[in-house]
>>> print(open('target10.cif').read())   # mmCIF, C-alpha atoms and all ligand atoms
data_structure
#
loop_
_atom_site.label_atom_id
_atom_site.label_comp_id
_atom_site.auth_asym_id
_atom_site.auth_seq_id
_atom_site.Cartn_x
_atom_site.Cartn_y
_atom_site.Cartn_z
CA MET Y 1 31.43 -23.58 52.88
CA LYS Y 2 28.36 -21.36 52.90
CA HIS Y 3 29.10 -19.35 49.73
CA ALA Y 4 29.57 -20.60 46.25
CA ASN Y 5 32.08 -17.77 45.87
CA LYS Y 6 35.12 -17.73 48.06
CA PRO Y 7 34.94 -14.91 50.67
CA MET Y 8 37.24 -11.97 50.08
CA ASP Y 9 39.03 -9.81 52.61
CA ILE Y 10 39.43 -6.05 52.31
CA ALA Y 11 42.95 -6.26 50.90
CA GLU Y 12 41.76 -8.55 48.15
CA ALA Y 13 38.74 -6.32 47.56
CA ILE Y 14 41.08 -3.36 46.98
CA ARG Y 15 43.12 -5.50 44.55
CA VAL Y 16 39.94 -6.46 42.68
CA LEU Y 17 38.90 -2.80 42.59
CA ALA Y 18 42.26 -1.84 41.12
CA SER Y 19 42.01 -4.53 38.49
CA LEU Y 20 38.49 -3.56 37.38
CA ASP Y 21 38.87 -2.08 33.98
CA TYR Y 22 35.71 -0.94 32.29
CA ARG Y 23 35.32 -1.08 28.52
CA SER Y 24 32.19 0.55 27.19
CA SER Y 25 30.95 -2.51 25.33
CA GLU Y 26 31.24 -4.95 28.25
CA LEU Y 27 28.92 -3.43 30.83
CA SER Y 28 27.05 -6.60 31.87
CA GLU Y 29 30.24 -8.58 32.38
CA TYR Y 30 31.79 -5.74 34.34
CA LEU Y 31 28.73 -5.34 36.57
CA ALA Y 32 28.55 -9.12 37.10
CA ARG Y 33 32.13 -9.03 38.37
CA ILE Y 34 31.18 -6.21 40.75
CA ALA Y 35 28.10 -8.12 41.98
CA SER Y 36 30.15 -11.22 42.80
CA ALA Y 37 32.95 -9.21 44.37
CA VAL Y 38 30.39 -7.50 46.64
CA SER Y 39 28.83 -10.86 47.56
CA ARG Y 40 32.24 -12.24 48.42
CA LEU Y 41 33.23 -9.15 50.39
CA LEU Y 42 29.99 -9.01 52.39
CA GLU Y 43 29.79 -12.79 52.52
CA THR Y 44 26.17 -12.73 51.39
CA ASP Y 45 24.26 -15.30 49.34
CA TRP Y 46 23.26 -13.04 46.51
CA SER Y 47 24.04 -9.59 45.12
CA VAL Y 48 22.49 -7.69 42.25
CA VAL Y 49 23.13 -4.43 40.46
CA THR Y 50 19.84 -2.67 39.70
CA LEU Y 51 19.00 0.33 37.57
CA SER Y 52 15.96 2.53 38.06
CA GLU Y 53 15.31 4.37 34.82
CA THR Y 54 11.59 4.91 35.45
CA PRO Y 55 10.69 6.28 38.89
CA GLY Y 56 9.17 3.52 41.04
CA TYR Y 57 10.61 0.67 38.97
CA ASP Y 58 13.95 -1.02 38.50
CA ARG Y 59 15.54 -3.84 36.61
CA ILE Y 60 18.45 -6.13 37.38
CA LEU Y 61 21.51 -5.38 35.24
CA ALA Y 62 23.80 -7.98 36.82
CA SER Y 63 23.62 -10.72 39.41
CA SER Y 64 26.19 -12.72 41.35
CA LYS Y 65 24.26 -15.91 40.51
CA ASP Y 66 22.26 -17.10 37.53
CA ILE Y 67 18.69 -15.79 37.81
CA GLY Y 68 17.48 -16.63 34.26
CA ASP Y 69 14.56 -14.53 33.04
CA ALA Y 70 14.55 -12.37 36.16
CA MET Y 71 17.50 -10.55 34.64
CA ASN Y 72 16.44 -7.35 32.89
CA ALA Y 73 12.75 -7.82 33.82
CA THR Y 74 11.18 -4.68 35.30
CA TYR Y 75 10.06 -4.72 38.96
CA SER Y 76 7.97 -2.35 41.00
CA LEU Y 77 10.00 -0.85 43.84
CA HIS Y 78 6.96 -0.15 45.96
CA GLY Y 79 7.62 -0.95 49.62
CA THR Y 80 10.94 -2.69 48.97
CA VAL Y 81 14.24 -2.05 50.73
CA THR Y 82 15.68 -1.02 47.37
CA GLU Y 83 13.13 1.79 47.18
CA ARG Y 84 14.39 3.09 50.51
CA VAL Y 85 18.00 3.12 49.30
CA ILE Y 86 17.05 4.93 46.08
CA ASP Y 87 14.88 7.47 47.91
CA SER Y 88 17.47 8.21 50.61
CA GLY Y 89 20.55 7.96 48.37
CA ARG Y 90 22.40 6.37 51.33
CA PRO Y 91 23.58 2.84 52.14
CA LEU Y 92 21.17 0.74 54.17
CA CYS Y 93 22.08 -2.31 56.23
CA VAL Y 94 19.51 -4.55 57.81
CA GLY Y 95 21.00 -7.43 59.83
CA ASP Y 96 17.74 -9.18 60.57
CA THR Y 97 14.41 -8.15 59.07
CA THR Y 98 12.49 -10.09 61.72
CA SER Y 99 13.74 -7.73 64.45
CA THR Y 100 12.94 -4.42 62.70
CA SER Y 101 9.77 -3.09 61.10
CA GLU Y 102 11.48 -0.34 59.05
CA SER Y 103 13.36 -2.41 56.57
CA GLY Y 104 10.89 -2.72 53.70
CA THR Y 105 10.25 -5.99 51.90
CA LEU Y 106 13.03 -8.34 50.82
CA PRO Y 107 12.99 -11.13 48.25
CA GLU Y 108 11.37 -14.20 49.74
CA GLY Y 109 13.54 -16.32 52.03
CA TYR Y 110 16.10 -13.58 52.84
CA LEU Y 111 16.61 -12.03 56.25
CA ALA Y 112 19.68 -9.78 55.98
CA TYR Y 113 20.29 -7.01 53.52
CA VAL Y 114 22.83 -4.38 52.40
CA GLY Y 115 21.70 -1.75 49.88
CA LEU Y 116 24.23 0.61 48.34
CA PRO Y 117 23.09 3.51 46.15
CA LEU Y 118 24.53 4.01 42.66
CA THR Y 119 25.11 7.75 42.54
CA THR Y 120 26.04 9.64 39.37
CA SER Y 121 28.59 12.42 39.12
CA GLU Y 122 25.67 14.83 39.39
CA GLY Y 123 24.56 13.26 42.68
CA LYS Y 124 21.52 11.46 41.26
CA THR Y 125 20.73 7.94 42.50
CA ILE Y 126 20.15 5.80 39.45
CA GLY Y 127 20.12 2.34 40.99
CA THR Y 128 21.55 0.14 43.71
CA ILE Y 129 23.79 -2.74 44.53
CA CYS Y 130 21.70 -4.96 46.78
CA SER Y 131 23.08 -7.89 48.70
CA PHE Y 132 20.89 -10.44 50.45
CA ASP Y 133 21.49 -13.24 52.91
CA THR Y 134 19.19 -15.96 54.18
CA GLN Y 135 20.70 -15.75 57.67
CA PRO Y 136 20.61 -12.81 60.12
CA ARG Y 137 23.96 -10.98 59.83
CA ARG Y 138 26.09 -8.14 61.16
CA PHE Y 139 27.84 -5.92 58.69
CA ASP Y 140 30.78 -3.84 59.90
CA ASP Y 141 31.27 -0.24 58.71
CA GLU Y 142 34.66 -0.76 57.15
CA THR Y 143 33.38 -3.53 54.87
CA ILE Y 144 30.37 -1.41 53.90
CA GLN Y 145 32.72 1.45 53.02
CA VAL Y 146 34.79 -0.77 50.77
CA ALA Y 147 31.61 -2.20 49.23
CA SER Y 148 30.55 1.41 48.53
CA LEU Y 149 33.69 1.78 46.40
CA PHE Y 150 32.29 -0.99 44.20
CA SER Y 151 28.99 0.83 43.91
CA GLU Y 152 30.85 4.00 42.87
CA ARG Y 153 32.63 2.04 40.14
CA ALA Y 154 29.35 0.51 38.99
CA ALA Y 155 27.65 3.95 38.86
CA THR Y 156 30.53 5.40 36.82
CA ALA Y 157 30.43 2.47 34.40
CA ILE Y 158 26.66 2.80 33.91
CA GLU Y 159 27.01 6.54 33.34
CA LEU Y 160 29.82 6.00 30.85
CA PHE Y 161 27.83 3.31 29.11
CA SER Y 162 24.77 5.50 28.68
CA SER Y 163 26.91 8.42 27.44
CA PHE Y 164 28.52 5.99 25.02
CA ARG Y 165 25.08 4.83 23.87
CA ARG Y 166 23.89 8.43 23.45
CA LEU Y 167 27.02 9.22 21.50
CA GLU Y 168 26.51 6.14 19.36
CA SER Y 169 22.92 7.06 18.52
CA PHE Y 170 23.92 10.68 17.94
CA ASN Y 171 26.65 9.45 15.57
CA ALA Y 172 24.21 7.16 13.80
CA ARG Y 173 21.77 10.06 13.35
CA LEU Y 174 24.58 12.28 12.15
CA GLU Y 175 25.78 9.66 9.68
CA GLN Y 176 22.25 9.22 8.39
CA GLU Y 177 21.87 12.97 8.02
CA VAL Y 178 25.18 13.21 6.15
CA ARG Y 179 24.12 10.34 3.88
CA GLU Y 180 20.79 12.02 3.13
CA ARG Y 181 22.36 15.41 2.49
CA THR Y 182 25.05 13.88 0.27
CA GLU Y 183 22.40 12.06 -1.72
CA GLU Y 184 20.38 15.28 -2.03
CA LEU Y 185 23.47 17.14 -3.20
CA ARG Y 186 24.28 14.42 -5.68
CA ARG Y 187 20.74 14.56 -7.10
CA THR Y 188 20.77 18.35 -7.32
CA HIS Y 189 24.16 18.22 -8.99
CA GLU Y 190 22.92 15.61 -11.46
CA GLN Y 191 19.83 17.68 -12.24
CA LEU Y 192 21.97 20.75 -12.78
CA VAL Y 193 24.37 18.90 -15.07
CA HIS Y 194 21.40 17.43 -16.92
CA LYS Y 195 19.81 20.85 -17.31
CA GLU Y 196 23.06 22.35 -18.51
CA ARG Y 197 23.53 19.49 -20.93
CA LEU Y 198 20.01 19.94 -22.25
CA ALA Y 199 20.57 23.65 -22.65
CA ALA Y 200 23.81 22.99 -24.56
CA ILE Y 201 22.16 20.31 -26.72
CA GLY Y 202 19.27 22.70 -27.28
CA GLU Y 203 21.50 25.51 -28.45
CA PHE Y 204 23.55 23.25 -30.69
CA ALA Y 205 20.53 21.45 -32.11
CA SER Y 206 18.65 24.70 -32.85
CA MET Y 207 21.67 26.03 -34.69
CA ILE Y 208 22.02 22.94 -36.88
CA VAL Y 209 18.29 22.60 -37.43
CA HIS Y 210 18.00 26.21 -38.59
CA GLU Y 211 20.92 25.70 -40.96
CA VAL Y 212 19.40 22.53 -42.43
CA ARG Y 213 15.77 23.58 -42.48
CA THR Y 214 16.03 26.25 -45.16
CA PRO Y 215 17.79 24.13 -47.81
CA LEU Y 216 15.54 21.23 -46.90
CA SER Y 217 12.38 23.22 -47.51
CA THR Y 218 13.81 24.42 -50.86
CA MET Y 219 14.35 20.78 -51.84
CA GLN Y 220 10.90 19.85 -50.60
CA MET Y 221 9.27 22.62 -52.59
CA ALA Y 222 11.14 21.53 -55.68
CA LEU Y 223 10.05 17.92 -55.21
CA GLU Y 224 6.46 19.04 -54.68
CA PHE Y 225 6.72 21.14 -57.84
CA PHE Y 226 7.82 18.09 -59.79
CA GLU Y 227 4.82 16.18 -58.51
CA LYS Y 228 2.77 17.96 -61.15
CA ASN Y 229 4.99 16.58 -63.93
CA ASP Y 230 4.25 13.26 -65.53
CA LEU Y 231 7.16 10.93 -64.95
CA ASP Y 232 7.66 7.32 -65.89
CA GLU Y 233 6.96 4.79 -63.18
CA ARG Y 234 10.56 4.38 -61.98
CA ALA Y 235 11.20 8.11 -61.79
CA SER Y 236 7.86 8.73 -60.10
CA LYS Y 237 8.69 6.10 -57.46
CA ARG Y 238 12.03 7.72 -56.76
CA ARG Y 239 10.37 11.15 -56.51
CA SER Y 240 7.77 9.82 -54.01
CA LEU Y 241 10.52 8.21 -51.97
CA ALA Y 242 12.52 11.44 -51.91
CA LEU Y 243 9.41 13.39 -50.90
CA ARG Y 244 8.56 10.94 -48.14
CA GLU Y 245 12.11 11.01 -46.79
CA SER Y 246 12.30 14.78 -46.92
CA ARG Y 247 8.99 15.05 -45.04
CA ARG Y 248 10.30 12.61 -42.46
CA LEU Y 249 13.46 14.67 -42.10
CA ALA Y 250 11.39 17.86 -41.73
CA GLY Y 251 9.36 16.07 -39.03
CA LEU Y 252 12.53 15.04 -37.21
CA LEU Y 253 13.91 18.59 -37.34
CA LYS Y 254 10.63 19.89 -35.94
CA GLU Y 255 10.80 17.37 -33.09
CA ILE Y 256 14.42 18.23 -32.31
CA LEU Y 257 13.48 21.89 -32.07
CA LEU Y 258 10.49 21.06 -29.89
CA TYR Y 259 12.64 18.99 -27.61
CA ALA Y 260 15.46 21.51 -27.49
CA ASN Y 261 13.24 24.52 -26.77
CA PRO Y 262 10.04 23.25 -25.18
CA GLY Y 263 9.26 26.52 -23.34
CA ASN Y 264 5.77 27.21 -22.13
CA GLY Y 265 4.56 29.07 -25.19
CA HIS Y 266 1.69 31.49 -24.76
CA LEU Y 267 -0.39 30.30 -21.82
CA GLU Y 268 -4.14 30.28 -22.25
CA CYS Y 269 -7.20 28.60 -20.81
CA VAL Y 270 -7.45 25.31 -22.69
CA ASN Y 271 -10.65 23.33 -22.72
CA LEU Y 272 -9.44 19.73 -22.90
CA ARG Y 273 -12.79 18.43 -24.15
CA ALA Y 274 -12.71 20.69 -27.20
CA LEU Y 275 -9.00 20.06 -27.77
CA VAL Y 276 -9.41 16.26 -27.71
CA GLU Y 277 -12.36 16.39 -30.12
CA GLU Y 278 -10.38 18.54 -32.53
CA ILE Y 279 -7.32 16.24 -32.31
CA LEU Y 280 -9.38 13.10 -32.89
CA ALA Y 281 -11.17 14.62 -35.87
CA THR Y 282 -7.83 15.53 -37.46
CA LEU Y 283 -6.14 12.21 -36.68
CA ARG Y 284 -9.04 10.09 -37.89
CA ALA Y 285 -9.42 12.06 -41.11
CA SER Y 286 -5.77 12.20 -42.05
CA SER Y 287 -4.39 8.82 -41.25
CA ASP Y 288 -4.28 5.41 -42.84
CA GLY Y 289 -6.39 3.84 -40.12
CA THR Y 290 -3.71 3.81 -37.41
CA PHE Y 291 -5.84 6.08 -35.26
CA GLY Y 292 -9.14 4.41 -36.06
CA ASN Y 293 -9.59 2.58 -32.79
CA ILE Y 294 -9.31 5.21 -30.07
CA ARG Y 295 -11.97 5.06 -27.34
CA VAL Y 296 -12.43 8.26 -25.45
CA SER Y 297 -13.96 8.78 -22.04
CA LEU Y 298 -14.20 12.31 -20.73
CA ALA Y 299 -15.46 13.19 -17.26
CA GLU Y 300 -18.57 15.34 -16.96
CA ALA Y 301 -16.67 18.00 -15.03
CA GLN Y 302 -15.19 21.11 -16.63
CA LEU Y 303 -11.74 20.12 -17.85
CA GLN Y 304 -9.75 23.28 -18.19
CA VAL Y 305 -6.05 23.79 -17.72
CA ARG Y 306 -3.74 26.72 -18.14
CA ALA Y 307 -1.36 25.78 -20.91
CA ASN Y 308 -0.44 26.41 -24.49
CA ALA Y 309 -2.94 24.61 -26.74
CA ASP Y 310 -0.31 23.72 -29.37
CA LYS Y 311 2.03 22.18 -26.79
CA LEU Y 312 -0.79 20.25 -25.17
CA ARG Y 313 -1.92 19.04 -28.58
CA GLN Y 314 1.63 17.78 -29.11
CA VAL Y 315 1.51 15.90 -25.80
CA ILE Y 316 -1.76 14.17 -26.65
CA ILE Y 317 -0.73 13.35 -30.21
CA ASN Y 318 2.61 11.91 -29.09
CA LEU Y 319 0.94 9.67 -26.50
CA LEU Y 320 -1.82 8.54 -28.85
CA SER Y 321 0.70 7.86 -31.64
CA ASN Y 322 2.83 5.68 -29.40
CA ALA Y 323 -0.18 3.78 -28.08
CA CYS Y 324 -1.65 3.22 -31.53
CA GLU Y 325 1.72 2.17 -32.95
CA ALA Y 326 2.28 -0.33 -30.14
CA SER Y 327 -1.16 -1.88 -29.90
CA PRO Y 328 -2.05 -4.83 -32.13
CA ALA Y 329 -4.62 -4.30 -34.87
CA ARG Y 330 -8.22 -4.08 -33.68
CA GLU Y 331 -7.17 -3.64 -30.04
CA PRO Y 332 -8.60 -0.35 -28.81
CA VAL Y 333 -6.49 2.45 -27.35
CA HIS Y 334 -8.17 4.23 -24.44
CA LEU Y 335 -7.95 7.91 -23.74
CA ALA Y 336 -9.52 9.07 -20.48
CA ILE Y 337 -9.54 12.54 -18.99
CA GLY Y 338 -10.97 13.43 -15.61
CA PRO Y 339 -10.36 15.36 -12.43
CA VAL Y 340 -8.03 13.83 -9.82
CA ASP Y 341 -9.62 13.11 -6.39
CA ASP Y 342 -8.82 16.51 -4.96
CA SER Y 343 -10.19 18.22 -8.13
CA GLU Y 344 -7.15 20.46 -8.10
CA SER Y 345 -5.67 18.69 -11.06
CA VAL Y 346 -6.71 16.94 -14.22
CA ARG Y 347 -5.40 13.56 -15.30
CA LEU Y 348 -5.07 12.45 -18.87
CA CYS Y 349 -4.48 8.74 -19.27
CA VAL Y 350 -3.68 6.81 -22.45
CA ARG Y 351 -3.81 3.01 -22.19
CA ASN Y 352 -2.91 0.31 -24.66
CA VAL Y 353 -1.97 -3.33 -24.75
CA THR Y 354 1.21 -4.20 -26.54
CA THR Y 355 2.45 -7.36 -28.13
CA GLY Y 356 5.99 -6.07 -28.37
CA ASP Y 357 8.65 -6.13 -25.65
CA PRO Y 358 7.67 -4.38 -22.44
CA PRO Y 359 8.75 -0.75 -22.67
CA ASP Y 360 12.13 -0.14 -21.06
CA THR Y 361 10.92 2.35 -18.45
CA GLU Y 362 14.51 3.15 -17.46
CA ARG Y 363 15.42 4.45 -20.90
CA ILE Y 364 12.09 5.40 -22.40
CA LEU Y 365 12.50 9.08 -21.51
CA GLU Y 366 16.05 9.35 -22.85
CA PRO Y 367 16.18 11.46 -25.99
CA PHE Y 368 16.64 9.40 -29.16
CA TYR Y 369 15.77 6.10 -27.47
CA THR Y 370 13.50 4.24 -29.86
CA THR Y 371 12.62 0.64 -30.70
CA LYS Y 372 11.07 1.58 -34.03
CA SER Y 373 12.89 1.49 -37.34
CA SER Y 374 11.55 4.91 -38.27
CA GLY Y 375 11.20 6.32 -34.76
CA THR Y 376 12.94 9.46 -33.56
CA GLY Y 377 12.92 8.60 -29.88
CA LEU Y 378 11.84 12.14 -29.09
CA GLY Y 379 8.09 11.66 -28.60
CA LEU Y 380 8.14 10.93 -24.87
CA PRO Y 381 11.06 13.23 -23.98
CA ILE Y 382 9.05 16.06 -25.59
CA VAL Y 383 5.97 15.08 -23.57
CA LYS Y 384 8.03 15.04 -20.39
CA ARG Y 385 9.58 18.42 -21.04
CA ILE Y 386 6.28 20.10 -21.90
CA VAL Y 387 4.57 18.60 -18.84
CA ASP Y 388 7.51 19.60 -16.60
CA ALA Y 389 7.34 23.17 -17.88
CA LEU Y 390 3.66 23.23 -16.87
CA LYS Y 391 4.55 21.93 -13.39
CA GLY Y 392 2.62 18.76 -14.07
CA GLU Y 393 3.63 15.12 -13.71
CA PHE Y 394 4.23 12.47 -16.32
CA SER Y 395 4.63 8.72 -15.90
CA ILE Y 396 4.51 5.72 -18.18
CA GLN Y 397 4.52 2.12 -17.01
CA GLN Y 398 3.25 -1.30 -17.84
CA ASP Y 399 0.96 -3.06 -15.37
CA GLU Y 400 0.89 -6.79 -14.60
CA ASN Y 401 -1.67 -7.43 -17.37
CA GLY Y 402 0.72 -6.03 -19.93
CA GLU Y 403 -1.24 -2.82 -20.38
CA VAL Y 404 0.87 0.31 -20.87
CA ARG Y 405 -0.44 3.40 -19.07
CA ALA Y 406 0.85 6.85 -19.87
CA GLU Y 407 -0.44 9.46 -17.43
CA VAL Y 408 -0.20 13.23 -17.45
CA THR Y 409 -1.42 15.19 -14.45
CA LEU Y 410 -1.77 18.94 -14.79
CA PRO Y 411 -2.85 21.55 -12.27
CA CYS Y 412 -6.50 22.41 -12.88
CA LEU Y 413 -7.49 25.93 -13.80
CA ALA Y 414 -9.36 27.63 -10.98
CA LEU Y 415 -12.63 28.92 -12.43
N1 LIG Y 501 2.28 3.27 -25.36
C1 LIG Y 501 3.40 2.56 -25.54
N2 LIG Y 501 3.34 1.21 -25.58
C2 LIG Y 501 4.47 0.49 -25.75
N3 LIG Y 501 5.70 1.02 -25.90
C3 LIG Y 501 5.82 2.34 -25.88
C4 LIG Y 501 4.67 3.17 -25.69
N4 LIG Y 501 5.10 4.46 -25.71
C5 LIG Y 501 6.42 4.43 -25.91
N5 LIG Y 501 6.87 3.17 -26.03
C6 LIG Y 501 8.28 2.76 -26.24
O1 LIG Y 501 9.10 3.90 -25.98
C7 LIG Y 501 9.93 4.20 -27.10
C8 LIG Y 501 10.13 5.70 -27.17
O2 LIG Y 501 8.95 6.38 -27.53
P1 LIG Y 501 9.06 7.81 -28.16
O3 LIG Y 501 9.90 8.67 -27.28
O4 LIG Y 501 7.70 8.31 -28.46
O5 LIG Y 501 9.88 7.58 -29.49
P2 LIG Y 501 9.42 6.83 -30.82
O6 LIG Y 501 7.93 6.73 -30.81
O7 LIG Y 501 9.93 7.70 -31.90
O8 LIG Y 501 10.11 5.51 -30.77
C9 LIG Y 501 9.20 3.60 -28.26
O9 LIG Y 501 10.11 3.30 -29.31
C10 LIG Y 501 8.58 2.34 -27.64
O10 LIG Y 501 9.52 1.32 -27.58
MG MG Y 502 6.65 8.26 -30.35
#
>>> encode(input="target10.cif", output="structure tokens", more="lines below")
Ligand SMILES: Nc1ncnc2c1ncn2[C@@H]1O[C@H](COP(=O)(O)OP(=O)(O)O)[C@@H](O)[C@H]1O
Ligand SMILES: [Mg+2]
Amino acid sequence: MKHANKPMDIAEAIRVLASLDYRSSELSEYLARIASAVSRLLETDWSVVTLSETPGYDRILASSKDIGDAMNATYSLHGTVTERVIDSGRPLCVGDTTSTSESGTLPEGYLAYVGLPLTTSEGKTIGTICSFDTQPRRFDDETIQVASLFSERAATAIELFSSFRRLESFNARLEQEVRERTEELRRTHEQLVHKERLAAIGEFASMIVHEVRTPLSTMQMALEFFEKNDLDERASKRRSLALRESRRLAGLLKEILLYANPGNGHLECVNLRALVEEILATLRASSDGTFGNIRVSLAEAQLQVRANADKLRQVIINLLSNACEASPAREPVHLAIGPVDDSESVRLCVRNVTTGDPPDTERILEPFYTTKSSGTGLGLPIVKRIVDALKGEFSIQQDENGEVRAEVTLPCLAL
């Protein structure tokens, strides 16, 4: 027998047509069945279903025989019989290419050809079913008509498939959009809840702090008054302890208030160079040596920001305190201030090495998170809130060499 596939008569072709049931995910298999049915019906050696997505080119979507890599490769249509079918949108039958000059080129070794257009519901020709035979042939009209029914089915399936694909990608985009919006909503909601919580904590904390501050300062004044009195060693020790604790408590209350009501304060033009010099002079004079090893590097440029000097002082002191407390003795702490590349902002960077555990960057900005026995855990949250209020940015992280970098970026003051 000439054909690998058994020939099929028209009655069988109609039965096959009736049994063709297209499912959107099985396009290649469906088109392969159509290609072999057409080959059997026309009794040709080889049939293919082609799709022309780019004008002048096509690719093979299905074949009645195994063609390996040729499947899905893109071919130029120039001068081929397929091009003529696509251009005319009508079936084309060539019984013997050697006896006509109008047929266009055929794959090598083939002499007879039937080309059926794949026409969409809008009348556009998107591809072909092409059938080739190595022998000269005659094709009768009735068979061609039935074969055209197969090409209609193939065109419908391809159209459905591409609509399905478009729908799928539209759905994927929609899902992505919904995911992004949901995430955005969740974040906004979280921020709102956080803000509300902070406001509530702020109100509550201010109330308590105000209640406690007055009696505390009375006690402090009394203790300071008794400092003038001569006491025996034991009593004097207890008095110093009480004074130290009450000062610590006063410090904590001050920090809670600062955290609860950071505000912007009165905004003024602050010269960072002058502010840093003043802070360093105070720190170095007052402390027990903790702040003795700060190395400062200030850029030549004018370093002015619009802020409240007291709040900014607090930011710098909090960062320097943390760095000095964490760094081992004799290791320097670096403070650098300079313009950021675009000169529209100023960056203040405090660096230190630390022998302790790496800072827990997840929790470090949570109020009251501290790893120190006498820490308040409010230093960095205060920094963050002050910097946020100034529309600046704050970050703190440890690099691979173990150095901790705290960075504050503030919008520069236009001069
Ligand atoms: N420069 C730093 N180097 C190492 N650890 C740091 C540094 N700054 C902050 N930390 C860690 O973050 C914690 C929180 O800091 P902070 O909010 O200032 O509170 P506190 O200093 O009262 O503990 C500290 O207890 C410490 O563990
Ligand atoms: Mg601190």
>>> residues_around(input="target10.cif", residues="Glu53 in chain Y", least_positions_apart="3", cutoff="9 Å", atoms="only C-alpha atoms", output="short mmCIF file (atom, residue, chain, number, x, y, z; two decimals) with C-alpha atoms, in the frame of the given file")
data_model
loop_
_atom_site.label_atom_id
_atom_site.label_comp_id
_atom_site.auth_asym_id
_atom_site.auth_seq_id
_atom_site.Cartn_x
_atom_site.Cartn_y
_atom_site.Cartn_z
CA GLY Y 56 9.17 3.52 41.04
CA TYR Y 57 10.61 0.67 38.97
CA ASP Y 58 13.95 -1.02 38.50
CA ARG Y 59 15.54 -3.84 36.61
CA ILE Y 126 20.15 5.80 39.45
CA GLY Y 127 20.12 2.34 40.99
#
>>> closest_residue(input="target10.cif", among="Y:Glu407, Y:Asp9, Y:Asp360, Y:Glu268", to="Ala147 in chain Y", atoms="all atoms listed in the file")
Y:Asp9
>>> residues_near_ligand(input="target10.cif", ligand="ligand LIG 501 (chain Y)", cutoff="9 Å", atoms="all atoms listed in the file", output="CSV table (one decimal) with C-alpha atoms, in the frame of the given file")
chain,number,residue,atom,x,y,z
Y,318,ASN,CA,2.6,11.9,-29.1
Y,319,LEU,CA,0.9,9.7,-26.5
Y,320,LEU,CA,-1.8,8.5,-28.8
Y,321,SER,CA,0.7,7.9,-31.6
Y,322,ASN,CA,2.8,5.7,-29.4
Y,323,ALA,CA,-0.2,3.8,-28.1
Y,324,CYS,CA,-1.6,3.2,-31.5
Y,325,GLU,CA,1.7,2.2,-33.0
Y,326,ALA,CA,2.3,-0.3,-30.1
Y,327,SER,CA,-1.2,-1.9,-29.9
Y,350,VAL,CA,-3.7,6.8,-22.4
Y,351,ARG,CA,-3.8,3.0,-22.2
Y,352,ASN,CA,-2.9,0.3,-24.7
Y,353,VAL,CA,-2.0,-3.3,-24.8
Y,354,THR,CA,1.2,-4.2,-26.5
Y,355,THR,CA,2.4,-7.4,-28.1
Y,356,GLY,CA,6.0,-6.1,-28.4
Y,357,ASP,CA,8.6,-6.1,-25.6
Y,358,PRO,CA,7.7,-4.4,-22.4
Y,359,PRO,CA,8.8,-0.8,-22.7
Y,360,ASP,CA,12.1,-0.1,-21.1
Y,361,THR,CA,10.9,2.4,-18.4
Y,363,ARG,CA,15.4,4.4,-20.9
Y,364,ILE,CA,12.1,5.4,-22.4
Y,365,LEU,CA,12.5,9.1,-21.5
Y,366,GLU,CA,16.0,9.4,-22.8
Y,367,PRO,CA,16.2,11.5,-26.0
Y,368,PHE,CA,16.6,9.4,-29.2
Y,369,TYR,CA,15.8,6.1,-27.5
Y,370,THR,CA,13.5,4.2,-29.9
Y,371,THR,CA,12.6,0.6,-30.7
Y,372,LYS,CA,11.1,1.6,-34.0
Y,373,SER,CA,12.9,1.5,-37.3
Y,374,SER,CA,11.6,4.9,-38.3
Y,375,GLY,CA,11.2,6.3,-34.8
Y,376,THR,CA,12.9,9.5,-33.6
Y,377,GLY,CA,12.9,8.6,-29.9
Y,378,LEU,CA,11.8,12.1,-29.1
Y,379,GLY,CA,8.1,11.7,-28.6
Y,380,LEU,CA,8.1,10.9,-24.9
Y,381,PRO,CA,11.1,13.2,-24.0
Y,382,ILE,CA,9.0,16.1,-25.6
Y,383,VAL,CA,6.0,15.1,-23.6
Y,396,ILE,CA,4.5,5.7,-18.2
Y,397,GLN,CA,4.5,2.1,-17.0
Y,398,GLN,CA,3.2,-1.3,-17.8
Y,403,GLU,CA,-1.2,-2.8,-20.4
Y,404,VAL,CA,0.9,0.3,-20.9
Y,405,ARG,CA,-0.4,3.4,-19.1
Y,406,ALA,CA,0.8,6.8,-19.9
>>> residues_around(input="target10.cif", residues="Leu223 in chain Y", least_positions_apart="2", cutoff="8 Å", atoms="all atoms listed in the file", output="list of chain:residue names")
Y:Met219, Y:Gln220, Y:Met221, Y:Phe225, Y:Phe226, Y:Glu227, Y:Arg239, Y:Ala242, Y:Leu243
>>> atom_distance(input="target10.cif", atom1="CA of Asp21 in chain Y", atom2="CA of Leu92 in chain Y")
27.0 Å
>>> closest_residue(input="target10.cif", among="Y:Thr282, Y:Gln314, Y:Ser121, Y:Ser345", to="ligand MG 502 (chain Y)", atoms="all atoms listed in the file")
Y:Gln314
>>> atom_distance(input="target10.cif", atom1="CA of Ile10 in chain Y", atom2="CA of Ile34 in chain Y")
14.2 Å
>>> atom_distance(input="target10.cif", atom1="CA of Gln176 in chain Y", atom2="CA of Ser163 in chain Y")
19.6 Å
>>> closest_residue(input="target10.cif", among="Y:Ile317, Y:Leu241, Y:Leu185, Y:Ala299", to="ligand MG 502 (chain Y)", atoms="only C-alpha atoms and all ligand atoms")
Y:Ile317
>>> closest_residue(input="target10.cif", among="Y:Val16, Y:Asp141, Y:Glu255, Y:Gln304", to="Pro91 in chain Y", atoms="all atoms listed in the file")
Y:Asp141
>>> closest_residue(input="target10.cif", among="Y:Ala389, Y:Ala200, Y:Ala329, Y:Val315", to="ligand MG 502 (chain Y)", atoms="all atoms listed in the file")
Y:Val315
